[in-house]
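Source file: my_file08.pdb; contents: PDB, C-alpha atoms and all ligand atoms.
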ATOM      1  CA  MET G  23       0.917  -5.508  16.011
ATOM      2  CA  GLU G  24       2.476  -3.190  18.587
ATOM      3  CA  ASP G  25       4.924  -0.621  17.288
ATOM      4  CA  CYS G  26       3.780  -1.046  13.697
ATOM      5  CA  LEU G  27       2.911   2.294  12.131
ATOM      6  CA  PHE G  28       0.396   0.866   9.685
ATOM      7  CA  CYS G  29      -1.309  -1.259  12.360
ATOM      8  CA  LYS G  30      -1.760   1.998  14.285
ATOM      9  CA  ILE G  31      -3.283   3.607  11.192
ATOM     10  CA  ILE G  32      -5.647   0.607  10.859
ATOM     11  CA  GLU G  33      -6.640   0.967  14.520
ATOM     12  CA  GLY G  34      -7.231   4.698  14.031
ATOM     13  CA  LYS G  35      -4.527   5.651  16.549
ATOM     14  CA  ILE G  36      -2.760   7.585  13.813
ATOM     15  CA  PRO G  37      -4.907   9.571  11.368
ATOM     16  CA  SER G  38      -4.775   8.896   7.631
ATOM     17  CA  ASP G  39      -6.459  10.116   4.484
ATOM     18  CA  LYS G  40      -8.442   6.964   3.693
ATOM     19  CA  VAL G  41      -9.635   6.284   0.172
ATOM     20  CA  TYR G  42     -10.958   2.725   0.656
ATOM     21  CA  GLU G  43     -11.747   0.339   3.493
ATOM     22  CA  ASP G  44     -13.341  -3.073   3.874
ATOM     23  CA  ASP G  45     -12.977  -5.968   6.335
ATOM     24  CA  ASP G  46      -9.604  -7.054   4.934
ATOM     25  CA  VAL G  47      -8.060  -4.046   3.233
ATOM     26  CA  LEU G  48      -7.333  -0.377   3.908
ATOM     27  CA  ALA G  49      -6.065   2.179   1.404
ATOM     28  CA  PHE G  50      -4.893   5.681   2.244
ATOM     29  CA  ARG G  51      -2.854   8.446   0.666
ATOM     30  CA  ASP G  52       0.907   8.375   1.190
ATOM     31  CA  ILE G  53       2.064  11.152   3.525
ATOM     32  CA  ASN G  54       4.964  11.960   1.182
ATOM     33  CA  PRO G  55       3.501  11.534  -2.306
ATOM     34  CA  GLN G  56       5.893  10.886  -5.195
ATOM     35  CA  ALA G  57       3.254  11.683  -7.818
ATOM     36  CA  PRO G  58      -0.209  13.303  -8.002
ATOM     37  CA  VAL G  59      -1.729   9.919  -7.124
ATOM     38  CA  HIS G  60       0.146   7.997  -4.438
ATOM     39  CA  VAL G  61      -1.922   5.593  -2.381
ATOM     40  CA  LEU G  62      -0.874   2.722  -0.115
ATOM     41  CA  ILE G  63      -3.005  -0.432  -0.160
ATOM     42  CA  ILE G  64      -2.497  -2.644   2.884
ATOM     43  CA  PRO G  65      -3.996  -5.772   4.446
ATOM     44  CA  LYS G  66      -5.573  -5.221   7.858
ATOM     45  CA  ARG G  67      -3.807  -8.344   9.111
ATOM     46  CA  HIS G  68      -0.174  -7.622   9.949
ATOM     47  CA  ILE G  69       2.147  -9.251   7.392
ATOM     48  CA  SER G  70       5.645  -7.781   7.452
ATOM     49  CA  GLY G  71       6.190  -7.792   3.699
ATOM     50  CA  ALA G  72       5.311  -9.396   0.381
ATOM     51  CA  ASP G  73       8.039 -11.977   0.996
ATOM     52  CA  LYS G  74       6.075 -13.279   3.991
ATOM     53  CA  LEU G  75       2.900 -14.061   2.046
ATOM     54  CA  GLU G  76       1.864 -17.719   2.237
ATOM     55  CA  ARG G  77      -0.155 -19.856  -0.160
ATOM     56  CA  SER G  78      -3.194 -19.260   2.005
ATOM     57  CA  ASP G  79      -2.776 -15.525   1.308
ATOM     58  CA  ASP G  80      -3.212 -15.894  -2.466
ATOM     59  CA  ALA G  81      -6.766 -14.540  -2.344
ATOM     60  CA  LEU G  82      -5.703 -11.647  -0.117
ATOM     61  CA  LEU G  83      -2.948 -10.631  -2.528
ATOM     62  CA  GLY G  84      -5.406 -10.852  -5.415
ATOM     63  CA  LYS G  85      -7.765  -8.605  -3.476
ATOM     64  CA  LEU G  86      -5.039  -6.035  -2.751
ATOM     65  CA  VAL G  87      -4.264  -5.799  -6.473
ATOM     66  CA  ALA G  88      -7.959  -5.691  -7.386
ATOM     67  CA  VAL G  89      -8.514  -2.821  -4.936
ATOM     68  CA  ALA G  90      -5.464  -1.030  -6.365
ATOM     69  CA  ASN G  91      -6.813  -1.347  -9.900
ATOM     70  CA  ARG G  92     -10.241  -0.116  -8.854
ATOM     71  CA  LEU G  93      -8.731   2.873  -7.041
ATOM     72  CA  ALA G  94      -6.602   3.658 -10.102
ATOM     73  CA  ALA G  95      -9.830   3.939 -12.091
ATOM     74  CA  GLU G  96     -11.581   5.991  -9.400
ATOM     75  CA  LEU G  97      -8.612   8.338  -9.035
ATOM     76  CA  GLY G  98      -8.441   8.863 -12.783
ATOM     77  CA  VAL G  99      -5.171   7.194 -13.769
ATOM     78  CA  SER G 100      -6.313   3.901 -15.281
ATOM     79  CA  GLY G 101      -6.233   5.409 -18.788
ATOM     80  CA  THR G 102      -2.836   7.067 -18.454
ATOM     81  CA  GLY G 103      -1.123   4.253 -16.580
ATOM     82  CA  TYR G 104       0.249   3.702 -13.117
ATOM     83  CA  ARG G 105       2.717   1.658 -11.144
ATOM     84  CA  LEU G 106       2.057  -0.922  -8.418
ATOM     85  CA  ILE G 107       5.118  -1.506  -6.239
ATOM     86  CA  SER G 108       5.864  -3.408  -3.067
ATOM     87  CA  ASN G 109       9.321  -2.841  -1.631
ATOM     88  CA  ILE G 110      10.955  -5.741   0.188
ATOM     89  CA  GLY G 111      13.940  -5.222   2.460
ATOM     90  CA  ASP G 112      16.710  -2.685   2.744
ATOM     91  CA  ASP G 113      18.002  -2.498  -0.831
ATOM     92  CA  ALA G 114      14.466  -1.854  -2.069
ATOM     93  CA  GLY G 115      14.036   0.853   0.564
ATOM     94  CA  GLN G 116      11.272  -0.774   2.593
ATOM     95  CA  SER G 117      10.802   1.547   5.554
ATOM     96  CA  VAL G 118       7.524   0.257   7.003
ATOM     97  CA  HIS G 119       7.440  -3.452   7.762
ATOM     98  CA  HIS G 120       3.745  -3.980   7.148
ATOM     99  CA  LEU G 121       2.965  -5.176   3.628
ATOM    100  CA  HIS G 122       1.856  -2.342   1.388
ATOM    101  CA  ILE G 123       1.367  -1.850  -2.311
ATOM    102  CA  HIS G 124       2.137   1.620  -3.611
ATOM    103  CA  LEU G 125      -0.246   2.848  -6.308
ATOM    104  CA  ILE G 126       1.571   5.673  -8.078
ATOM    105  CA  GLY G 127       0.381   7.609 -11.095
ATOM    106  CA  GLY G 128      -0.719  10.879 -12.592
ATOM    107  CA  LYS G 129       2.619  11.745 -14.172
ATOM    108  CA  ARG G 130       5.259  10.097 -16.343
ATOM    109  CA  LEU G 131       7.353   7.951 -14.002
ATOM    110  CA  ASN G 132      11.070   7.176 -14.081
ATOM    111  CA  TRP G 133      12.710   4.314 -12.217
ATOM    112  CA  ASP G 134      14.148   6.926  -9.823
ATOM    113  CA  ASN G 135      10.724   7.721  -8.442
TER     114      ASN G 135
HETATM  115  P1  LIG G 201       8.212   1.879   1.867
HETATM  116  O1  LIG G 201       9.386   2.814   1.851
HETATM  117  O2  LIG G 201       8.221   1.000   3.089
HETATM  118  O3  LIG G 201       8.011   1.117   0.595
HETATM  119  O4  LIG G 201       6.941   2.821   1.934
HETATM  120  C1  LIG G 201       6.483   3.384   3.117
HETATM  121  C2  LIG G 201       5.646   4.564   2.720
HETATM  122  O5  LIG G 201       4.882   4.952   3.835
HETATM  123  C3  LIG G 201       6.464   5.786   2.289
HETATM  124  O6  LIG G 201       6.115   6.135   0.952
HETATM  125  C4  LIG G 201       6.062   6.857   3.298
HETATM  126  O7  LIG G 201       5.939   8.139   2.727
HETATM  127  C5  LIG G 201       4.752   6.341   3.830
HETATM  128  N1  LIG G 201       4.471   6.744   5.194
HETATM  129  C6  LIG G 201       5.341   6.712   6.245
HETATM  130  N2  LIG G 201       4.726   7.132   7.362
HETATM  131  C7  LIG G 201       3.448   7.434   7.011
HETATM  132  C8  LIG G 201       2.320   7.936   7.748
HETATM  133  O8  LIG G 201       2.356   8.167   8.962
HETATM  134  N3  LIG G 201       1.167   8.123   7.050
HETATM  135  C9  LIG G 201       1.075   7.880   5.717
HETATM  136  N4  LIG G 201      -0.099   8.121   5.131
HETATM  137  N5  LIG G 201       2.115   7.403   4.996
HETATM  138  C10 LIG G 201       3.286   7.185   5.640
HETATM  139 ZN    ZN G 202       1.349  -3.862  11.038
END
Show the structure stored in the file as structure tokens.
Amino acid sequence: MEDCLFCKIIEGKIPSDKVYEDDDVLAFRDINPQAPVHVLIIPKRHISGADKLERSDDALLGKLVAVANRLAAELGVSGTGYRLISNIGDDAGQSVHHLHIHLIGGKRLNWDN
């Protein structure tokens, strides 16, 4: 989608530090990491947020979480624990309106971060 930052990252118009890619999913490191491990897992199809997922997207959501869990293991935080978050809307602080799951770990997390 035009004017979507993450669509531009998917298209390669904006560089990113990719950690995983397949036909449906891209994962890359957050530009402003809140912890030693901070990766964003996104669908390649533009969906504006988790609230816009439809029943037909059930498998896609399952895949996003499966990729997140696999990356957590690869990046060395599956034993110590990690957080998967998807912000929806203003009060949650969603700043990019392309569905993304934050994978955050590598330190003890508070709700403030
Ligand atoms: P949100 O606030 O929407 O839940 O998360 C958006 C995330 O995207 C933020 O953590 C922010 O640091 C990250 N971000 C914003 N712009 C870029 C960018 O150009 N590249 C990368 N890798 N991450 C970005
Ligand atoms: Zn997009």
query: So which residues get picked by the PyMOL selection byres (((chain G and resi 109) around 9) and not hetatm) here, written as a VMD selection string?
result: chain G and resid 71 to 72 107 to 108 110 to 117 121 to 124
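Between atom CA of G:Phe50 and atom CA of G:Leu83 lies a distance of 17.1 Å.
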- request: Please write as a list in words the list of polymer residues whose atoms come within 10 Å of (-6.2, 4.4, 0.4), counting all atoms listed in the file and keeping to the coordinates of the file.
  value: Ser38, Asp39, Lys40, Val41, Tyr42, Glu43, Val47, Leu48, Ala49, Phe50, Arg51, Asp52, His60, Val61, Leu62, Ile63, Ile64, Val89, Ala90, Leu93, His124 and Leu125 of chain G
Include C-alpha atoms and write out the residues we just selected as an mmCIF file, in the frame of the given file.
data_model
loop_
_atom_site.group_PDB
_atom_site.id
_atom_site.type_symbol
_atom_site.label_atom_id
_atom_site.label_comp_id
_atom_site.auth_asym_id
_atom_site.auth_seq_id
_atom_site.Cartn_x
_atom_site.Cartn_y
_atom_site.Cartn_z
ATOM 1 C CA SER G 38 -4.775 8.896 7.631
ATOM 2 C CA ASP G 39 -6.459 10.116 4.484
ATOM 3 C CA LYS G 40 -8.442 6.964 3.693
ATOM 4 C CA VAL G 41 -9.635 6.284 0.172
ATOM 5 C CA TYR G 42 -10.958 2.725 0.656
ATOM 6 C CA GLU G 43 -11.747 0.339 3.493
ATOM 7 C CA VAL G 47 -8.060 -4.046 3.233
ATOM 8 C CA LEU G 48 -7.333 -0.377 3.908
ATOM 9 C CA ALA G 49 -6.065 2.179 1.404
ATOM 10 C CA PHE G 50 -4.893 5.681 2.244
ATOM 11 C CA ARG G 51 -2.854 8.446 0.666
ATOM 12 C CA ASP G 52 0.907 8.375 1.190
ATOM 13 C CA HIS G 60 0.146 7.997 -4.438
ATOM 14 C CA VAL G 61 -1.922 5.593 -2.381
ATOM 15 C CA LEU G 62 -0.874 2.722 -0.115
ATOM 16 C CA ILE G 63 -3.005 -0.432 -0.160
ATOM 17 C CA ILE G 64 -2.497 -2.644 2.884
ATOM 18 C CA VAL G 89 -8.514 -2.821 -4.936
ATOM 19 C CA ALA G 90 -5.464 -1.030 -6.365
ATOM 20 C CA LEU G 93 -8.731 2.873 -7.041
ATOM 21 C CA HIS G 124 2.137 1.620 -3.611
ATOM 22 C CA LEU G 125 -0.246 2.848 -6.308
#
message: For a test of reading the model, state the distance in Å between atom CA of G:Arg105 and atom CA of G:Asp25, rounded to one decimal.
response: 28.6 Å
Which centre and which edge lengths, in Å to one decimal, describe the axis-aligned box that holds all listed atoms of stretch 100-113 of chain G after 3 Å is added on each side, as JSON?
{"center_x": 5.8, "center_y": 0.7, "center_z": -8.0, "size_x": 30.3, "size_y": 18.8, "size_z": 27.5}
- prompt: Please, what distance in Å, to one decimal, runs between atom CA of G:Ser78 and atom O3 of ligand LIG 201 (chain G)?
  reply: 23.3 Å
message: Please determine, counting all atoms listed in the file, which residue among G:Lys35, G:Lys74, G:His120, G:Lys66 has the shortest atom-to-atom distance to ligand ZN 202 (chain G).
response: G:His120
Counting all atoms listed in the file, which residues of chain G fall within 10 Å of ligand ZN 202 (chain G), and what is the closest atom pair for each with its distance in Å at one decimal, ordered by chain and rising number, as CSV?
residue,atom,partner,partner_atom,distance
G:Met23,CA,G:ZN202,ZN,5.3
G:Glu24,CA,G:ZN202,ZN,7.7
G:Asp25,CA,G:ZN202,ZN,7.9
G:Cys26,CA,G:ZN202,ZN,4.6
G:Leu27,CA,G:ZN202,ZN,6.4
G:Phe28,CA,G:ZN202,ZN,5.0
G:Cys29,CA,G:ZN202,ZN,3.9
G:Lys30,CA,G:ZN202,ZN,7.4
G:Ile31,CA,G:ZN202,ZN,8.8
G:Ile32,CA,G:ZN202,ZN,8.3
G:Glu33,CA,G:ZN202,ZN,10.0
G:Ile64,CA,G:ZN202,ZN,9.1
G:Pro65,CA,G:ZN202,ZN,8.7
G:Lys66,CA,G:ZN202,ZN,7.7
G:Arg67,CA,G:ZN202,ZN,7.1
G:His68,CA,G:ZN202,ZN,4.2
G:Ile69,CA,G:ZN202,ZN,6.6
G:Ser70,CA,G:ZN202,ZN,6.8
G:Gly71,CA,G:ZN202,ZN,9.6
G:Val118,CA,G:ZN202,ZN,8.4
G:His119,CA,G:ZN202,ZN,6.9
G:His120,CA,G:ZN202,ZN,4.6
G:Leu121,CA,G:ZN202,ZN,7.7
G:His122,CA,G:ZN202,ZN,9.8
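The residue that comes closest to ligand LIG 201 (chain G), out of G:Ile53, G:Leu82, G:Ile36, G:Val87 and on the basis of only C-alpha atoms and all ligand atoms, is G:Ile53.
The shortest atom-to-atom distance to ligand LIG 201 (chain G), with all atoms listed in the file taken into account, belongs to G:Ile126 out of G:Asn132, G:Asn91, G:Ile126, G:Tyr104.
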Incomplete stretch 71-96 of chain G filled out to N, CA, C and O atoms as a short mmCIF file (atom, residue, chain, number, x, y, z; two decimals), in the frame of the given file:
data_model
loop_
_atom_site.label_atom_id
_atom_site.label_comp_id
_atom_site.auth_asym_id
_atom_site.auth_seq_id
_atom_site.Cartn_x
_atom_site.Cartn_y
_atom_site.Cartn_z
N GLY G 71 5.82 -8.18 5.07
CA GLY G 71 6.19 -7.79 3.70
C GLY G 71 5.70 -8.82 2.71
O GLY G 71 5.22 -9.90 3.09
N ALA G 72 5.81 -8.49 1.43
CA ALA G 72 5.31 -9.40 0.38
C ALA G 72 6.04 -10.74 0.39
O ALA G 72 5.50 -11.75 -0.06
N ASP G 73 7.27 -10.73 0.93
CA ASP G 73 8.04 -11.98 1.00
C ASP G 73 7.50 -12.92 2.07
O ASP G 73 7.90 -14.09 2.10
N LYS G 74 6.62 -12.43 2.92
CA LYS G 74 6.08 -13.28 3.99
C LYS G 74 4.67 -13.79 3.67
O LYS G 74 4.01 -14.39 4.51
N LEU G 75 4.20 -13.53 2.45
CA LEU G 75 2.90 -14.06 2.05
C LEU G 75 2.98 -15.58 1.93
O LEU G 75 3.99 -16.13 1.48
N GLU G 76 1.91 -16.26 2.34
CA GLU G 76 1.86 -17.72 2.24
C GLU G 76 0.81 -18.11 1.20
O GLU G 76 0.02 -17.28 0.77
N ARG G 77 0.81 -19.40 0.85
CA ARG G 77 -0.16 -19.86 -0.16
C ARG G 77 -1.58 -19.51 0.24
O ARG G 77 -2.40 -19.15 -0.60
N SER G 78 -1.84 -19.57 1.52
CA SER G 78 -3.19 -19.26 2.00
C SER G 78 -3.53 -17.78 1.86
O SER G 78 -4.68 -17.38 2.08
N ASP G 79 -2.54 -16.96 1.51
CA ASP G 79 -2.78 -15.52 1.31
C ASP G 79 -3.00 -15.17 -0.16
O ASP G 79 -3.11 -13.98 -0.50
N ASP G 80 -3.07 -16.18 -1.03
CA ASP G 80 -3.21 -15.89 -2.47
C ASP G 80 -4.43 -15.00 -2.74
O ASP G 80 -4.35 -14.04 -3.52
N ALA G 81 -5.54 -15.32 -2.09
CA ALA G 81 -6.77 -14.54 -2.34
C ALA G 81 -6.61 -13.12 -1.82
O ALA G 81 -7.08 -12.16 -2.45
N LEU G 82 -5.93 -12.98 -0.69
CA LEU G 82 -5.70 -11.65 -0.12
C LEU G 82 -4.85 -10.80 -1.06
O LEU G 82 -5.17 -9.63 -1.32
N LEU G 83 -3.79 -11.39 -1.60
CA LEU G 83 -2.95 -10.63 -2.53
C LEU G 83 -3.75 -10.23 -3.77
O LEU G 83 -3.66 -9.09 -4.25
N GLY G 84 -4.56 -11.18 -4.26
CA GLY G 84 -5.41 -10.85 -5.42
C GLY G 84 -6.34 -9.70 -5.09
O GLY G 84 -6.56 -8.80 -5.93
N LYS G 85 -6.85 -9.68 -3.87
CA LYS G 85 -7.76 -8.60 -3.48
C LYS G 85 -7.04 -7.27 -3.38
O LYS G 85 -7.56 -6.24 -3.81
N LEU G 86 -5.81 -7.29 -2.85
CA LEU G 86 -5.04 -6.04 -2.75
C LEU G 86 -4.83 -5.44 -4.14
O LEU G 86 -4.97 -4.23 -4.35
N VAL G 87 -4.49 -6.29 -5.11
CA VAL G 87 -4.26 -5.80 -6.47
C VAL G 87 -5.59 -5.35 -7.10
O VAL G 87 -5.64 -4.32 -7.78
N ALA G 88 -6.65 -6.09 -6.84
CA ALA G 88 -7.96 -5.69 -7.39
C ALA G 88 -8.39 -4.33 -6.84
O ALA G 88 -8.89 -3.47 -7.58
N VAL G 89 -8.18 -4.13 -5.54
CA VAL G 89 -8.51 -2.82 -4.94
C VAL G 89 -7.65 -1.73 -5.57
O VAL G 89 -8.14 -0.64 -5.90
N ALA G 90 -6.37 -2.02 -5.75
CA ALA G 90 -5.46 -1.03 -6.36
C ALA G 90 -5.96 -0.65 -7.76
O ALA G 90 -6.02 0.54 -8.12
N ASN G 91 -6.34 -1.64 -8.55
CA ASN G 91 -6.81 -1.35 -9.90
C ASN G 91 -8.11 -0.53 -9.88
O ASN G 91 -8.29 0.39 -10.68
N ARG G 92 -8.98 -0.86 -8.96
CA ARG G 92 -10.24 -0.12 -8.85
C ARG G 92 -9.98 1.33 -8.44
O ARG G 92 -10.58 2.26 -8.97
N LEU G 93 -9.06 1.51 -7.48
CA LEU G 93 -8.73 2.87 -7.04
C LEU G 93 -8.07 3.66 -8.17
O LEU G 93 -8.31 4.86 -8.32
N ALA G 94 -7.24 2.98 -8.96
CA ALA G 94 -6.60 3.66 -10.10
C ALA G 94 -7.68 4.23 -11.02
O ALA G 94 -7.57 5.38 -11.49
N ALA G 95 -8.73 3.45 -11.25
CA ALA G 95 -9.83 3.94 -12.09
C ALA G 95 -10.54 5.11 -11.41
O ALA G 95 -10.78 6.16 -12.03
N GLU G 96 -10.86 4.93 -10.13
CA GLU G 96 -11.58 5.99 -9.40
C GLU G 96 -10.78 7.28 -9.31
O GLU G 96 -11.34 8.38 -9.32
#
